[in-house]
Amino acid sequence: MMFKNREDAAKKLAKKLGWLKNENPIILAIPRGGAIVGNVIASELGAKLDIIVSRKIGAPDNQELAIGAVMHDRSYFPNERLMIMLNVPQNYINQEIDTQMKEIERRLAKFRGSKEYDLKDRTVILVDDGVATGATMLVAALWIQNQKPKKLIVGLPVGPKDTVDKLDVIADKVIVLHSPVIFNAVGEFYQEFEQIDDCVVQEIMSKYGYKIKVF
């Protein structure tokens, strides 16, 4: 399956999520690309859009290898198997969390102006424009479940089967339009997959009444 762009993927995904419209769901998007998808879905479902930011912690000798990820409240979700295998020292983890927290706080200030969430007893739809390893989405899903929502639905245009299976263990339901076994990168399933600037996300979020900080 090939999508024209993020808007096209989001419209197709929104049709699969229409059954949730009467539950007054909150759409939680992972920026930046996920904000485009989330905006379309929120519009189609008449729902509120919000964003959530998680940042992966890379291995000491390979920053692309996620040994865990951190959320905006400093809650850290480790990949314990990798941490033990690589013998990662705790002081390295602490330093990396400090570094990633700065970026999380920057994005939250720019995109929503607050670090406070109220998800208890809400139907939450967590979305992005796709996942590969899924490290940031997996920890976002874990964190959301810790907030005791009514239910957590993950919505994705595309993601590899092994990652989708991991998300399925955490979420109450995963809805994915395309889940190939052979998978290289999210962008290969889009005809148009341009980089998204912060200002695009800010413009979207301002429509939903968020008091954002302009840098």
# chains A, B, ... in the order shown; residues from 1 in each chain; ligands from 1
$ closest_atom_pairs --of "region 102-127 of chain A" --to "region 174-184 of chain A" --cutoff "10 Å" --atoms "only C-alpha atoms" --output "CSV"
residue,atom,partner,partner_atom,distance
A:Ile125,CA,A:Val174,CA,9.6
A:Leu126,CA,A:Val174,CA,9.5
A:Val127,CA,A:Ile175,CA,9.8
$ residues_around --residues "Thr163 (chain A)" --least-positions-apart "4" --cutoff "9 Å" --atoms "only C-alpha atoms" --output "count of residues only"
9
$ residues_around --residues "Ile27 (chain A)" --least-positions-apart "2" --cutoff "7 Å" --atoms "only C-alpha atoms" --output "list in words"
Pro25, Ala29, Gly38, Ala42, Ala47, Lys48, Leu49, Asp50, Val124, Ile125 and Leu126 of chain A
$ closest_residue --among "A:Ala14, A:Val88, A:Val139, A:Ala171" --to "Ile153 (chain A)" --atoms "only C-alpha atoms"
A:Ala171
$ closest_residue --among "A:Tyr92, A:Thr136, A:Ile26, A:Gln145" --to "Ala66 (chain A)" --atoms "only C-alpha atoms"
A:Thr136
$ decode --residues "region 136-185 of chain A" --atoms "N, CA and C atoms" --output "tab-separated table (two decimals), in the first residue's frame"
chain	number	residue	atom	x	y	z
A	136	THR	N	9.66	5.16	20.53
A	136	THR	CA	8.99	6.30	21.16
A	136	THR	C	7.49	6.06	21.31
A	137	MET	N	6.88	5.38	20.35
A	137	MET	CA	5.45	5.10	20.46
A	137	MET	C	5.17	4.05	21.53
A	138	LEU	N	6.03	3.06	21.64
A	138	LEU	CA	5.84	2.03	22.65
A	138	LEU	C	5.86	2.62	24.06
A	139	VAL	N	6.81	3.51	24.34
A	139	VAL	CA	6.88	4.09	25.68
A	139	VAL	C	5.75	5.09	25.90
A	140	ALA	N	5.34	5.78	24.84
A	140	ALA	CA	4.19	6.68	24.96
A	140	ALA	C	2.94	5.88	25.32
A	141	ALA	N	2.77	4.73	24.69
A	141	ALA	CA	1.63	3.87	24.98
A	141	ALA	C	1.68	3.35	26.42
A	142	LEU	N	2.86	2.94	26.87
A	142	LEU	CA	3.02	2.48	28.26
A	142	LEU	C	2.67	3.59	29.24
A	143	TRP	N	3.17	4.80	28.95
A	143	TRP	CA	2.90	5.93	29.85
A	143	TRP	C	1.41	6.25	29.89
A	144	ILE	N	0.77	6.24	28.73
A	144	ILE	CA	-0.67	6.54	28.68
A	144	ILE	C	-1.45	5.52	29.49
A	145	GLN	N	-1.12	4.26	29.36
A	145	GLN	CA	-1.84	3.23	30.13
A	145	GLN	C	-1.67	3.44	31.63
A	146	ASN	N	-0.53	3.99	32.04
A	146	ASN	CA	-0.32	4.28	33.45
A	146	ASN	C	-1.21	5.42	33.95
A	147	GLN	N	-1.78	6.19	33.03
A	147	GLN	CA	-2.68	7.29	33.41
A	147	GLN	C	-4.13	6.82	33.58
A	148	LYS	N	-4.37	5.54	33.40
A	148	LYS	CA	-5.68	4.91	33.60
A	148	LYS	C	-6.76	5.46	32.66
A	149	PRO	N	-6.51	5.44	31.35
A	149	PRO	CA	-7.57	5.87	30.42
A	149	PRO	C	-8.68	4.83	30.38
A	150	LYS	N	-9.81	5.21	29.82
A	150	LYS	CA	-10.90	4.25	29.61
A	150	LYS	C	-10.43	3.18	28.64
A	151	LYS	N	-9.81	3.60	27.56
A	151	LYS	CA	-9.20	2.67	26.62
A	151	LYS	C	-8.15	3.40	25.80
A	152	LEU	N	-7.19	2.65	25.32
A	152	LEU	CA	-6.14	3.20	24.48
A	152	LEU	C	-6.16	2.50	23.14
A	153	ILE	N	-6.38	3.29	22.09
A	153	ILE	CA	-6.36	2.79	20.72
A	153	ILE	C	-5.14	3.39	20.03
A	154	VAL	N	-4.35	2.56	19.38
A	154	VAL	CA	-3.22	3.04	18.58
A	154	VAL	C	-3.64	3.00	17.12
A	155	GLY	N	-3.45	4.14	16.41
A	155	GLY	CA	-3.80	4.22	15.01
A	155	GLY	C	-2.58	4.55	14.17
A	156	LEU	N	-2.30	3.74	13.16
A	156	LEU	CA	-1.11	3.93	12.33
A	156	LEU	C	-1.42	3.66	10.86
A	157	PRO	N	-0.89	4.49	9.97
A	157	PRO	CA	-0.99	4.15	8.55
A	157	PRO	C	-0.15	2.91	8.21
A	158	VAL	N	1.05	2.85	8.78
A	158	VAL	CA	1.95	1.76	8.42
A	158	VAL	C	2.94	1.46	9.54
A	159	GLY	N	3.31	0.20	9.66
A	159	GLY	CA	4.31	-0.21	10.64
A	159	GLY	C	4.61	-1.68	10.43
A	160	PRO	N	5.85	-2.11	10.71
A	160	PRO	CA	6.20	-3.52	10.53
A	160	PRO	C	5.46	-4.42	11.52
A	161	LYS	N	5.23	-5.64	11.11
A	161	LYS	CA	4.41	-6.55	11.90
A	161	LYS	C	4.97	-6.77	13.31
A	162	ASP	N	6.29	-6.88	13.46
A	162	ASP	CA	6.84	-7.15	14.79
A	162	ASP	C	6.60	-5.99	15.75
A	163	THR	N	6.69	-4.75	15.24
A	163	THR	CA	6.42	-3.59	16.09
A	163	THR	C	4.94	-3.50	16.42
A	164	VAL	N	4.09	-3.75	15.43
A	164	VAL	CA	2.64	-3.72	15.66
A	164	VAL	C	2.25	-4.76	16.71
A	165	ASP	N	2.87	-5.93	16.66
A	165	ASP	CA	2.59	-6.97	17.65
A	165	ASP	C	2.95	-6.51	19.07
A	166	LYS	N	4.07	-5.78	19.21
A	166	LYS	CA	4.46	-5.26	20.52
A	166	LYS	C	3.46	-4.23	21.03
A	167	LEU	N	3.00	-3.37	20.13
A	167	LEU	CA	2.01	-2.36	20.51
A	167	LEU	C	0.69	-3.02	20.91
A	168	ASP	N	0.37	-4.11	20.25
A	168	ASP	CA	-0.88	-4.81	20.51
A	168	ASP	C	-0.94	-5.37	21.93
A	169	VAL	N	0.22	-5.64	22.50
A	169	VAL	CA	0.29	-6.14	23.88
A	169	VAL	C	-0.05	-5.01	24.87
A	170	ILE	N	0.30	-3.78	24.51
A	170	ILE	CA	0.13	-2.64	25.42
A	170	ILE	C	-1.24	-1.99	25.26
A	171	ALA	N	-1.63	-1.72	24.02
A	171	ALA	CA	-2.88	-1.01	23.74
A	171	ALA	C	-4.08	-1.93	23.83
A	172	ASP	N	-5.26	-1.34	23.97
A	172	ASP	CA	-6.48	-2.14	23.95
A	172	ASP	C	-6.80	-2.60	22.53
A	173	LYS	N	-6.38	-1.79	21.55
A	173	LYS	CA	-6.58	-2.17	20.15
A	173	LYS	C	-5.59	-1.38	19.30
A	174	VAL	N	-5.02	-2.04	18.30
A	174	VAL	CA	-4.15	-1.38	17.33
A	174	VAL	C	-4.81	-1.46	15.96
A	175	ILE	N	-4.97	-0.31	15.33
A	175	ILE	CA	-5.52	-0.25	13.98
A	175	ILE	C	-4.43	0.26	13.06
A	176	VAL	N	-3.99	-0.60	12.15
A	176	VAL	CA	-2.92	-0.25	11.22
A	176	VAL	C	-3.38	-0.59	9.80
A	177	LEU	N	-3.17	0.33	8.88
A	177	LEU	CA	-3.64	0.13	7.52
A	177	LEU	C	-2.76	-0.83	6.73
A	178	HIS	N	-1.48	-0.81	7.01
A	178	HIS	CA	-0.54	-1.65	6.26
A	178	HIS	C	0.57	-2.11	7.20
A	179	SER	N	0.74	-3.42	7.31
A	179	SER	CA	1.73	-3.97	8.24
A	179	SER	C	2.58	-5.02	7.55
A	180	PRO	N	3.55	-4.59	6.73
A	180	PRO	CA	4.37	-5.54	5.97
A	180	PRO	C	5.40	-6.24	6.85
A	181	VAL	N	5.77	-7.43	6.46
A	181	VAL	CA	6.84	-8.16	7.16
A	181	VAL	C	8.19	-7.56	6.80
A	182	ILE	N	8.37	-7.24	5.51
A	182	ILE	CA	9.61	-6.61	5.05
A	182	ILE	C	9.45	-5.10	5.12
A	183	PHE	N	10.30	-4.45	5.91
A	183	PHE	CA	10.10	-3.03	6.21
A	183	PHE	C	11.46	-2.36	6.38
A	184	ASN	N	11.67	-1.26	5.67
A	184	ASN	CA	12.91	-0.51	5.81
A	184	ASN	C	12.71	0.83	6.51
A	185	ALA	N	11.78	1.64	6.00
A	185	ALA	CA	11.55	2.96	6.57
A	185	ALA	C	10.12	3.40	6.28
